$ cat entry_20.txt   # compact mmCIF, C-alpha atoms
# COMPACT_ATOMS: atom_id res chain seq x y z
CA MET T 1 100.07 51.85 87.44
CA ASN T 2 100.14 48.93 89.85
CA GLU T 3 100.92 51.33 92.68
CA LEU T 4 97.94 53.45 91.76
CA ARG T 5 95.70 50.41 91.60
CA ARG T 6 96.83 49.23 95.02
CA HIS T 7 96.27 52.67 96.41
CA LEU T 8 92.77 52.77 94.98
CA LEU T 9 91.98 49.32 96.24
CA ARG T 10 93.36 49.88 99.71
CA GLY T 11 92.64 53.45 100.55
CA GLY T 12 90.83 55.32 97.83
CA ALA T 13 87.62 53.31 97.79
CA SER T 14 85.71 51.38 100.36
CA ALA T 15 87.06 47.86 100.74
CA GLY T 16 83.60 46.72 101.73
CA LEU T 17 82.28 47.76 98.37
CA LEU T 18 85.15 46.41 96.29
CA LEU T 19 85.82 43.04 97.91
CA PRO T 20 82.62 41.28 96.86
CA LEU T 21 83.15 42.54 93.32
CA LEU T 22 86.72 41.25 93.32
CA ALA T 23 85.63 37.91 94.71
CA SER T 24 82.98 37.52 92.05
CA GLY T 25 85.48 38.27 89.31
CA LEU T 26 83.49 41.24 88.08
CA LEU T 27 86.30 43.55 89.03
CA ALA T 28 89.33 41.65 87.83
CA PRO T 29 92.47 43.63 88.70
CA GLY T 30 94.00 45.25 85.67
CA ARG T 31 90.81 45.20 83.69
CA VAL T 32 88.50 47.79 85.08
CA PHE T 33 91.27 50.20 85.92
CA ALA T 34 93.24 51.85 83.16
CA ALA T 35 95.30 49.66 80.87
CA ASP T 36 99.04 49.28 81.35
CA ALA T 37 101.27 52.23 80.58
CA TRP T 38 102.87 52.28 77.14
CA LYS T 39 105.91 50.00 77.19
CA ARG T 40 108.44 52.60 76.12
CA GLU T 41 111.60 50.51 76.47
CA ALA T 42 110.25 47.58 74.51
CA PHE T 43 108.90 49.79 71.71
CA ALA T 44 112.12 51.81 71.48
CA ALA T 45 114.34 48.69 71.35
CA ARG T 46 116.47 48.47 68.20
CA SER T 47 116.31 44.69 67.81
CA SER T 48 113.65 42.04 68.31
CA ALA T 49 115.88 40.34 70.88
CA ASP T 50 116.11 43.55 72.93
CA ALA T 51 112.38 44.20 72.66
CA LEU T 52 111.62 40.69 73.91
CA LYS T 53 114.06 41.12 76.78
CA HIS T 54 112.18 44.23 77.90
CA LEU T 55 108.92 42.28 77.68
CA ASN T 56 110.39 39.43 79.78
CA ILE T 57 109.89 36.95 76.98
CA ALA T 58 112.48 34.24 76.56
CA GLY T 59 112.38 30.94 74.75
CA SER T 60 109.02 31.02 72.99
CA THR T 61 107.99 27.68 71.51
CA GLU T 62 107.51 27.76 67.75
CA THR T 63 104.01 26.70 66.73
CA ARG T 64 101.70 26.26 63.76
CA ASP T 65 98.78 27.30 65.93
CA ILE T 66 99.49 30.96 65.33
CA VAL T 67 98.52 31.82 61.79
CA ILE T 68 100.02 34.92 60.17
CA SER T 69 98.38 35.98 56.92
CA ALA T 70 100.16 38.66 54.94
CA PRO T 71 101.09 39.34 51.33
CA GLU T 72 104.19 37.47 50.21
CA ILE T 73 105.31 40.56 48.32
CA ALA T 74 104.26 44.03 49.47
CA GLU T 75 104.66 46.62 46.75
CA ASN T 76 104.15 49.50 49.16
CA GLY T 77 105.81 49.17 52.54
CA ALA T 78 103.79 52.09 53.93
CA LYS T 79 100.68 49.95 54.37
CA VAL T 80 101.09 46.20 54.72
CA GLU T 81 98.11 44.36 56.15
CA VAL T 82 99.00 41.58 58.57
CA ASP T 83 96.42 39.19 60.00
CA ILE T 84 97.22 37.22 63.14
CA LEU T 85 95.07 34.44 64.56
CA SER T 86 95.97 32.31 67.55
CA ASN T 87 94.39 28.88 67.82
CA LEU T 88 96.03 28.35 71.22
CA ALA T 89 93.61 28.15 74.12
CA ASN T 90 93.89 30.94 76.67
CA THR T 91 95.72 33.42 74.47
CA ARG T 92 95.69 36.70 76.39
CA SER T 93 97.77 38.87 74.12
CA LEU T 94 99.48 38.95 70.75
CA LEU T 95 102.72 40.74 69.94
CA LEU T 96 103.74 41.65 66.43
CA LEU T 97 107.36 42.33 65.51
CA ALA T 98 109.07 43.15 62.21
CA ASP T 99 112.69 42.08 62.66
CA LYS T 100 114.24 44.48 60.11
CA ASN T 101 112.33 47.61 61.13
CA PRO T 102 114.42 50.22 62.97
CA MET T 103 112.23 49.56 66.03
CA PRO T 104 110.94 46.01 65.55
CA LEU T 105 108.11 45.88 68.08
CA CYS T 106 105.02 47.11 66.21
CA ALA T 107 102.07 46.32 68.45
CA GLU T 108 100.79 44.48 71.47
CA ILE T 109 97.11 43.57 71.47
CA SER T 110 95.44 42.20 74.63
CA PHE T 111 92.10 40.42 74.71
CA SER T 112 89.43 40.50 77.40
CA GLY T 113 85.88 39.25 77.76
CA ASN T 114 84.50 37.75 74.57
CA ALA T 115 87.24 39.01 72.25
CA LEU T 116 88.81 36.32 70.06
CA PRO T 117 92.63 36.20 69.82
CA TYR T 118 92.70 37.73 66.37
CA ALA T 119 93.87 41.06 65.01
CA ARG T 120 94.45 42.67 61.65
CA ILE T 121 97.00 45.45 61.72
CA GLN T 122 98.46 47.69 59.00
CA LEU T 123 102.21 48.16 59.24
CA LYS T 124 104.99 50.22 57.74
CA LEU T 125 107.84 47.94 56.74
CA ALA T 126 111.23 49.48 56.02
CA GLU T 127 112.49 46.59 53.91
CA THR T 128 112.01 42.90 53.25
CA THR T 129 111.69 41.35 56.67
CA ARG T 130 110.69 38.44 58.75
CA VAL T 131 107.69 39.24 60.91
CA ARG T 132 106.91 37.29 64.04
CA ALA T 133 103.75 36.96 66.06
CA ILE T 134 103.99 35.92 69.69
CA ALA T 135 101.00 34.72 71.70
CA ARG T 136 101.14 35.03 75.46
CA GLY T 137 98.88 32.68 77.39
CA ALA T 138 97.10 33.08 80.71
CA ASP T 139 99.90 30.99 82.26
CA GLY T 140 102.52 33.43 80.94
CA ARG T 141 103.94 30.94 78.43
CA THR T 142 104.68 32.23 74.96
CA HIS T 143 104.51 30.72 71.49
CA VAL T 144 105.82 32.20 68.28
CA ALA T 145 105.26 31.98 64.53
CA PHE T 146 107.25 33.58 61.72
CA ARG T 147 106.57 34.79 58.22
CA GLU T 148 108.68 36.47 55.56
CA ILE T 149 107.32 39.54 53.75
CA LYS T 150 109.16 40.91 50.72
CA VAL T 151 108.96 44.68 50.38
CA THR T 152 109.69 46.32 47.04
CA LEU T 153 109.28 49.94 48.25
CA GLY T 154 110.10 50.69 51.86
CA GLY T 155 107.56 52.49 54.01
CA CYS T 156 109.52 54.35 56.61
CA GLY T 157 109.97 57.52 54.61
CA GLY T 158 106.24 57.96 54.16
CA MET Q 1 91.61 68.45 66.12
CA SER Q 2 91.55 64.80 65.38
CA GLU Q 3 88.83 63.25 63.29
CA ALA Q 4 86.42 60.59 64.51
CA SER Q 5 87.41 56.95 64.45
CA ARG Q 6 85.23 54.97 62.09
CA ILE Q 7 83.78 51.89 63.73
CA ARG Q 8 81.90 49.14 61.89
CA VAL Q 9 80.48 45.97 63.34
CA GLN Q 10 79.17 43.12 61.24
CA ILE Q 11 77.60 40.19 63.05
CA GLN Q 12 77.90 36.88 61.23
CA GLY Q 13 76.35 34.05 63.16
CA ASP Q 14 78.12 33.77 66.46
CA ILE Q 15 80.97 36.13 65.71
CA ALA Q 16 81.13 39.88 65.26
CA ASP Q 17 83.71 41.40 62.92
CA ILE Q 18 84.80 44.73 64.33
CA ARG Q 19 86.60 47.19 62.10
CA VAL Q 20 88.12 50.36 63.44
CA LEU Q 21 89.78 53.07 61.40
CA MET Q 22 91.70 55.52 63.56
CA GLN Q 23 92.41 58.77 61.79
CA HIS Q 24 95.91 59.74 62.77
CA PRO Q 25 99.09 60.80 60.91
CA MET Q 26 101.24 58.16 62.69
CA GLU Q 27 104.43 60.14 62.01
CA THR Q 28 107.64 58.23 62.65
CA GLY Q 29 109.74 61.33 63.30
CA GLN Q 30 112.10 60.22 60.51
CA ARG Q 31 110.28 61.89 57.65
CA ARG Q 32 111.04 65.34 56.20
CA ASP Q 33 108.44 67.66 54.71
CA GLU Q 34 108.70 69.37 51.27
CA GLY Q 35 110.90 72.08 52.77
CA GLY Q 36 113.31 69.52 54.17
CA LYS Q 37 112.24 70.08 57.76
CA ALA Q 38 111.97 67.05 60.03
CA VAL Q 39 108.37 66.15 60.85
CA ALA Q 40 107.92 65.59 64.57
CA VAL Q 41 107.10 62.11 65.82
CA HIS Q 42 103.32 61.85 66.36
CA PHE Q 43 101.61 58.50 66.83
CA ILE Q 44 98.93 56.64 68.78
CA GLN Q 45 100.52 54.80 71.72
CA THR Q 46 97.56 53.11 73.37
CA PHE Q 47 93.96 52.35 72.48
CA ALA Q 48 91.05 50.53 74.05
CA VAL Q 49 87.93 48.98 72.52
CA ARG Q 50 85.11 48.52 75.00
CA LEU Q 51 81.81 46.73 74.70
CA ASN Q 52 79.12 48.28 76.89
CA GLY Q 53 81.91 49.82 78.95
CA GLN Q 54 83.72 46.52 79.52
CA PRO Q 55 87.22 45.95 78.12
CA LEU Q 56 87.42 43.94 74.91
CA ILE Q 57 90.71 44.92 73.28
CA ASP Q 58 93.63 46.90 74.66
CA GLY Q 59 96.40 47.82 72.27
CA GLN Q 60 99.81 49.42 72.39
CA LEU Q 61 101.30 50.68 69.14
CA ASN Q 62 104.59 51.91 67.74
CA THR Q 63 105.41 54.45 65.00
CA SER Q 64 105.56 51.51 62.57
CA VAL Q 65 101.78 51.26 62.41
CA SER Q 66 100.47 52.84 59.18
CA LYS Q 67 98.94 56.28 58.82
CA ASN Q 68 95.15 56.24 59.38
CA PRO Q 69 95.39 52.59 60.38
CA LEU Q 70 92.53 50.17 59.89
CA PHE Q 71 92.23 47.40 62.47
CA ALA Q 72 90.03 44.33 62.52
CA PHE Q 73 89.08 42.33 65.60
CA LYS Q 74 86.59 39.57 66.38
CA ALA Q 75 84.35 38.92 69.37
CA ARG Q 76 81.51 36.66 70.44
CA ASN Q 77 78.24 37.71 72.06
CA VAL Q 78 77.95 41.11 70.44
CA LYS Q 79 74.28 42.01 70.02
CA VAL Q 80 72.28 44.67 68.26
CA GLY Q 81 71.96 47.65 70.58
CA ASP Q 82 75.33 47.09 72.26
CA LYS Q 83 77.60 50.11 72.62
CA LEU Q 84 81.08 49.78 71.18
CA SER Q 85 83.59 52.51 72.00
CA VAL Q 86 87.12 53.21 70.84
CA HIS Q 87 89.49 55.39 72.79
CA TRP Q 88 93.07 56.29 71.88
CA THR Q 89 95.89 58.36 73.34
CA ASP Q 90 98.88 59.57 71.33
CA ASN Q 91 102.43 60.50 72.31
CA THR Q 92 101.51 64.19 72.64
CA GLY Q 93 98.82 63.34 75.19
CA ALA Q 94 95.96 63.98 72.74
CA GLN Q 95 93.00 61.65 73.19
CA ARG Q 96 89.88 60.78 71.33
CA GLN Q 97 86.85 58.61 72.13
CA ASP Q 98 84.11 57.56 69.74
CA GLU Q 99 81.18 55.24 70.28
CA ILE Q 100 78.64 53.50 68.09
CA THR Q 101 75.52 51.47 68.78
CA VAL Q 102 75.63 48.10 67.05
CA ALA Q 103 72.87 48.03 64.43
$ encode --input "entry_20.txt" --output "structure tokens"
Amino acid sequence: MNELRRHLLRGGASAGLLLPLLASGLLAPGRVFAADAWKREAFAARSSADALKHLNIAGSTETRDIVISAPEIAENGAKVEVDILSNLANTRSLLLLADKNPMPLCAEISFSGNALPYARIQLKLAETTRVRAIARGADGRTHVAFREIKVTLGGCGG
Amino acid sequence: MSEASRIRVQIQGDIADIRVLMQHPMETGQRRDEGGKAVAVHFIQTFAVRLNGQPLIDGQLNTSVSKNPLFAFKARNVKVGDKLSVHWTDNTGAQRQDEITVA
């Protein structure tokens, strides 16, 4: 995708037209052009550690500034609502992982413009698990928060 | 064909609550149907929420997101008359885009 963007910027469109837009910030790279390709390796990873490795995330600082709201006990693992809110300034994206799911990485949500770093997502949870939310800042630094969700009926069959 | 995403925006003071329901089976590929046949993996991989054509939310999802998932997001400076669109692409290459005008 980066290659395509460079090609577009260099050759495909008039530099004279694009440069003032880039300079003014109206055409921030990576925003106007299509979003990143689906991160296959990270999503297919069989452990949270592997998923994070594929996302180039190491050593996130644990914080209370990411708030995960979720039921303590989920009776139906097929639909568990998880709310994530980051109170950290400059949060650009949130990652949600369920450690005990066969493929732990559930979602990555990125925020632009006037979006607030908040998301509510409905998950399938295979069994009782720790979920973790990771906030990635504009500086690339990451913070993490954890929460345990008990599941009485797993959701991966349905 | 896929059914329309349902989009609802509620403005409360400074902040808009955005709710999006994407109608999709979100099959994990691990389930079997009544006849015992494996159901093929089928799930939304990427989606984008745009406000008046400008990016607001970009998401990447796995099979572990629920069937017909409901999402909620929040944003500032959303006004009556703004256009809010939701676009998704699934693992089979199917796509869908729906748009509402904020009322």
$ residues_around --input "entry_20.txt" --residues "Asp17 (chain Q)" --least-positions-apart "5" --cutoff "6 Å" --atoms "only C-alpha atoms" --output "PDB file with C-alpha atoms, in the coordinates of the input"
ATOM      1  CA  VAL Q   9      80.480  45.970  63.340  1.00  0.00           C
ATOM      2  CA  GLN Q  10      79.170  43.120  61.240  1.00  0.00           C
ATOM      3  CA  LYS Q  74      86.590  39.570  66.380  1.00  0.00           C
TER       4      LYS Q  74
END
$ interface_residues --input "entry_20.txt" --of "chain T" --to "chain Q" --cutoff "10 Å" --atoms "only C-alpha atoms" --output "PDB file with C-alpha atoms, keeping the file's coordinate frame"
ATOM      1  CA  ARG T  31      90.810  45.200  83.690  1.00  0.00           C
ATOM      2  CA  VAL T  32      88.500  47.790  85.080  1.00  0.00           C
ATOM      3  CA  PHE T  33      91.270  50.200  85.920  1.00  0.00           C
ATOM      4  CA  ALA T  34      93.240  51.850  83.160  1.00  0.00           C
ATOM      5  CA  ALA T  35      95.300  49.660  80.870  1.00  0.00           C
ATOM      6  CA  ASP T  36      99.040  49.280  81.350  1.00  0.00           C
ATOM      7  CA  ALA T  37     101.270  52.230  80.580  1.00  0.00           C
ATOM      8  CA  TRP T  38     102.870  52.280  77.140  1.00  0.00           C
ATOM      9  CA  LYS T  39     105.910  50.000  77.190  1.00  0.00           C
ATOM     10  CA  ARG T  40     108.440  52.600  76.120  1.00  0.00           C
ATOM     11  CA  ALA T  42     110.250  47.580  74.510  1.00  0.00           C
ATOM     12  CA  PHE T  43     108.900  49.790  71.710  1.00  0.00           C
ATOM     13  CA  ALA T  44     112.120  51.810  71.480  1.00  0.00           C
ATOM     14  CA  GLY T  77     105.810  49.170  52.540  1.00  0.00           C
ATOM     15  CA  ALA T  78     103.790  52.090  53.930  1.00  0.00           C
ATOM     16  CA  LYS T  79     100.680  49.950  54.370  1.00  0.00           C
ATOM     17  CA  VAL T  80     101.090  46.200  54.720  1.00  0.00           C
ATOM     18  CA  GLU T  81      98.110  44.360  56.150  1.00  0.00           C
ATOM     19  CA  VAL T  82      99.000  41.580  58.570  1.00  0.00           C
ATOM     20  CA  ASP T  83      96.420  39.190  60.000  1.00  0.00           C
ATOM     21  CA  ILE T  84      97.220  37.220  63.140  1.00  0.00           C
ATOM     22  CA  LEU T  85      95.070  34.440  64.560  1.00  0.00           C
ATOM     23  CA  SER T  93      97.770  38.870  74.120  1.00  0.00           C
ATOM     24  CA  LEU T  94      99.480  38.950  70.750  1.00  0.00           C
ATOM     25  CA  LEU T  95     102.720  40.740  69.940  1.00  0.00           C
ATOM     26  CA  LEU T  96     103.740  41.650  66.430  1.00  0.00           C
ATOM     27  CA  LEU T  97     107.360  42.330  65.510  1.00  0.00           C
ATOM     28  CA  ALA T  98     109.070  43.150  62.210  1.00  0.00           C
ATOM     29  CA  ASN T 101     112.330  47.610  61.130  1.00  0.00           C
ATOM     30  CA  PRO T 102     114.420  50.220  62.970  1.00  0.00           C
ATOM     31  CA  MET T 103     112.230  49.560  66.030  1.00  0.00           C
ATOM     32  CA  PRO T 104     110.940  46.010  65.550  1.00  0.00           C
ATOM     33  CA  LEU T 105     108.110  45.880  68.080  1.00  0.00           C
ATOM     34  CA  CYS T 106     105.020  47.110  66.210  1.00  0.00           C
ATOM     35  CA  ALA T 107     102.070  46.320  68.450  1.00  0.00           C
ATOM     36  CA  GLU T 108     100.790  44.480  71.470  1.00  0.00           C
ATOM     37  CA  ILE T 109      97.110  43.570  71.470  1.00  0.00           C
ATOM     38  CA  SER T 110      95.440  42.200  74.630  1.00  0.00           C
ATOM     39  CA  PHE T 111      92.100  40.420  74.710  1.00  0.00           C
ATOM     40  CA  SER T 112      89.430  40.500  77.400  1.00  0.00           C
ATOM     41  CA  GLY T 113      85.880  39.250  77.760  1.00  0.00           C
ATOM     42  CA  ASN T 114      84.500  37.750  74.570  1.00  0.00           C
ATOM     43  CA  ALA T 115      87.240  39.010  72.250  1.00  0.00           C
ATOM     44  CA  LEU T 116      88.810  36.320  70.060  1.00  0.00           C
ATOM     45  CA  PRO T 117      92.630  36.200  69.820  1.00  0.00           C
ATOM     46  CA  TYR T 118      92.700  37.730  66.370  1.00  0.00           C
ATOM     47  CA  ALA T 119      93.870  41.060  65.010  1.00  0.00           C
ATOM     48  CA  ARG T 120      94.450  42.670  61.650  1.00  0.00           C
ATOM     49  CA  ILE T 121      97.000  45.450  61.720  1.00  0.00           C
ATOM     50  CA  GLN T 122      98.460  47.690  59.000  1.00  0.00           C
ATOM     51  CA  LEU T 123     102.210  48.160  59.240  1.00  0.00           C
ATOM     52  CA  LYS T 124     104.990  50.220  57.740  1.00  0.00           C
ATOM     53  CA  LEU T 125     107.840  47.940  56.740  1.00  0.00           C
ATOM     54  CA  ALA T 126     111.230  49.480  56.020  1.00  0.00           C
ATOM     55  CA  GLY T 155     107.560  52.490  54.010  1.00  0.00           C
ATOM     56  CA  CYS T 156     109.520  54.350  56.610  1.00  0.00           C
ATOM     57  CA  GLY T 157     109.970  57.520  54.610  1.00  0.00           C
ATOM     58  CA  GLY T 158     106.240  57.960  54.160  1.00  0.00           C
TER      59      GLY T 158
END
$ residues_around --input "entry_20.txt" --residues "region 70-76 of chain T" --least-positions-apart "6" --cutoff "6 Å" --atoms "all atoms listed in the file" --output "PyMOL selection string"
chain T and resi 82+149-153
$ residues_near_point --input "entry_20.txt" --point "(96.0, 29.6, 65.6)" --cutoff "12 Å" --atoms "all atoms listed in the file" --output "ChimeraX atom specification"
/T:62-69,83-91,94,116-119,133-135,143-145
$ write_last_selection --input "entry_20.txt" --atoms "C-alpha atoms" --output "short mmCIF file (atom, residue, chain, number, x, y, z; two decimals), keeping the file's coordinate frame"
data_model
loop_
_atom_site.label_atom_id
_atom_site.label_comp_id
_atom_site.auth_asym_id
_atom_site.auth_seq_id
_atom_site.Cartn_x
_atom_site.Cartn_y
_atom_site.Cartn_z
CA GLU T 62 107.51 27.76 67.75
CA THR T 63 104.01 26.70 66.73
CA ARG T 64 101.70 26.26 63.76
CA ASP T 65 98.78 27.30 65.93
CA ILE T 66 99.49 30.96 65.33
CA VAL T 67 98.52 31.82 61.79
CA ILE T 68 100.02 34.92 60.17
CA SER T 69 98.38 35.98 56.92
CA ASP T 83 96.42 39.19 60.00
CA ILE T 84 97.22 37.22 63.14
CA LEU T 85 95.07 34.44 64.56
CA SER T 86 95.97 32.31 67.55
CA ASN T 87 94.39 28.88 67.82
CA LEU T 88 96.03 28.35 71.22
CA ALA T 89 93.61 28.15 74.12
CA ASN T 90 93.89 30.94 76.67
CA THR T 91 95.72 33.42 74.47
CA LEU T 94 99.48 38.95 70.75
CA LEU T 116 88.81 36.32 70.06
CA PRO T 117 92.63 36.20 69.82
CA TYR T 118 92.70 37.73 66.37
CA ALA T 119 93.87 41.06 65.01
CA ALA T 133 103.75 36.96 66.06
CA ILE T 134 103.99 35.92 69.69
CA ALA T 135 101.00 34.72 71.70
CA HIS T 143 104.51 30.72 71.49
CA VAL T 144 105.82 32.20 68.28
CA ALA T 145 105.26 31.98 64.53
#
$ atom_distance --input "entry_20.txt" --atom1 "CA of Asp98 (chain Q)" --atom2 "CA of Ala40 (chain Q)"
25.7 Å
$ atom_distance --input "entry_20.txt" --atom1 "CA of Ala103 (chain Q)" --atom2 "CA of Gln23 (chain Q)"
22.5 Å
$ atom_distance --input "entry_20.txt" --atom1 "CA of Gln12 (chain Q)" --atom2 "CA of Glu99 (chain Q)"
20.7 Å
$ closest_residue --input "entry_20.txt" --among "T:Arg141, T:Thr129, T:Arg147, T:Gly154" --to "Asn56 (chain T)" --atoms "all atoms listed in the file"
T:Arg141
$ decode --input "entry_20.txt" --residues "region 29-42 of chain Q" --atoms "C-alpha atoms" --output "PDB file, in the first residue's frame"
ATOM      1  CA  GLY Q  29     -14.782 -21.375   9.553  1.00  0.00           C
ATOM      2  CA  GLN Q  30     -14.872 -23.676  12.589  1.00  0.00           C
ATOM      3  CA  ARG Q  31     -18.613 -24.191  12.702  1.00  0.00           C
ATOM      4  CA  ARG Q  32     -20.540 -27.078  11.112  1.00  0.00           C
ATOM      5  CA  ASP Q  33     -24.052 -26.810   9.713  1.00  0.00           C
ATOM      6  CA  GLU Q  34     -26.965 -29.170  10.574  1.00  0.00           C
ATOM      7  CA  GLY Q  35     -25.691 -31.693   8.037  1.00  0.00           C
ATOM      8  CA  GLY Q  36     -22.255 -31.730   9.636  1.00  0.00           C
ATOM      9  CA  LYS Q  37     -20.617 -29.840   6.787  1.00  0.00           C
ATOM     10  CA  ALA Q  38     -17.995 -27.239   7.652  1.00  0.00           C
ATOM     11  CA  VAL Q  39     -19.223 -23.683   7.088  1.00  0.00           C
ATOM     12  CA  ALA Q  40     -16.677 -21.648   5.147  1.00  0.00           C
ATOM     13  CA  VAL Q  41     -14.914 -18.772   6.868  1.00  0.00           C
ATOM     14  CA  HIS Q  42     -16.700 -15.516   5.959  1.00  0.00           C
TER      15      HIS Q  42
END
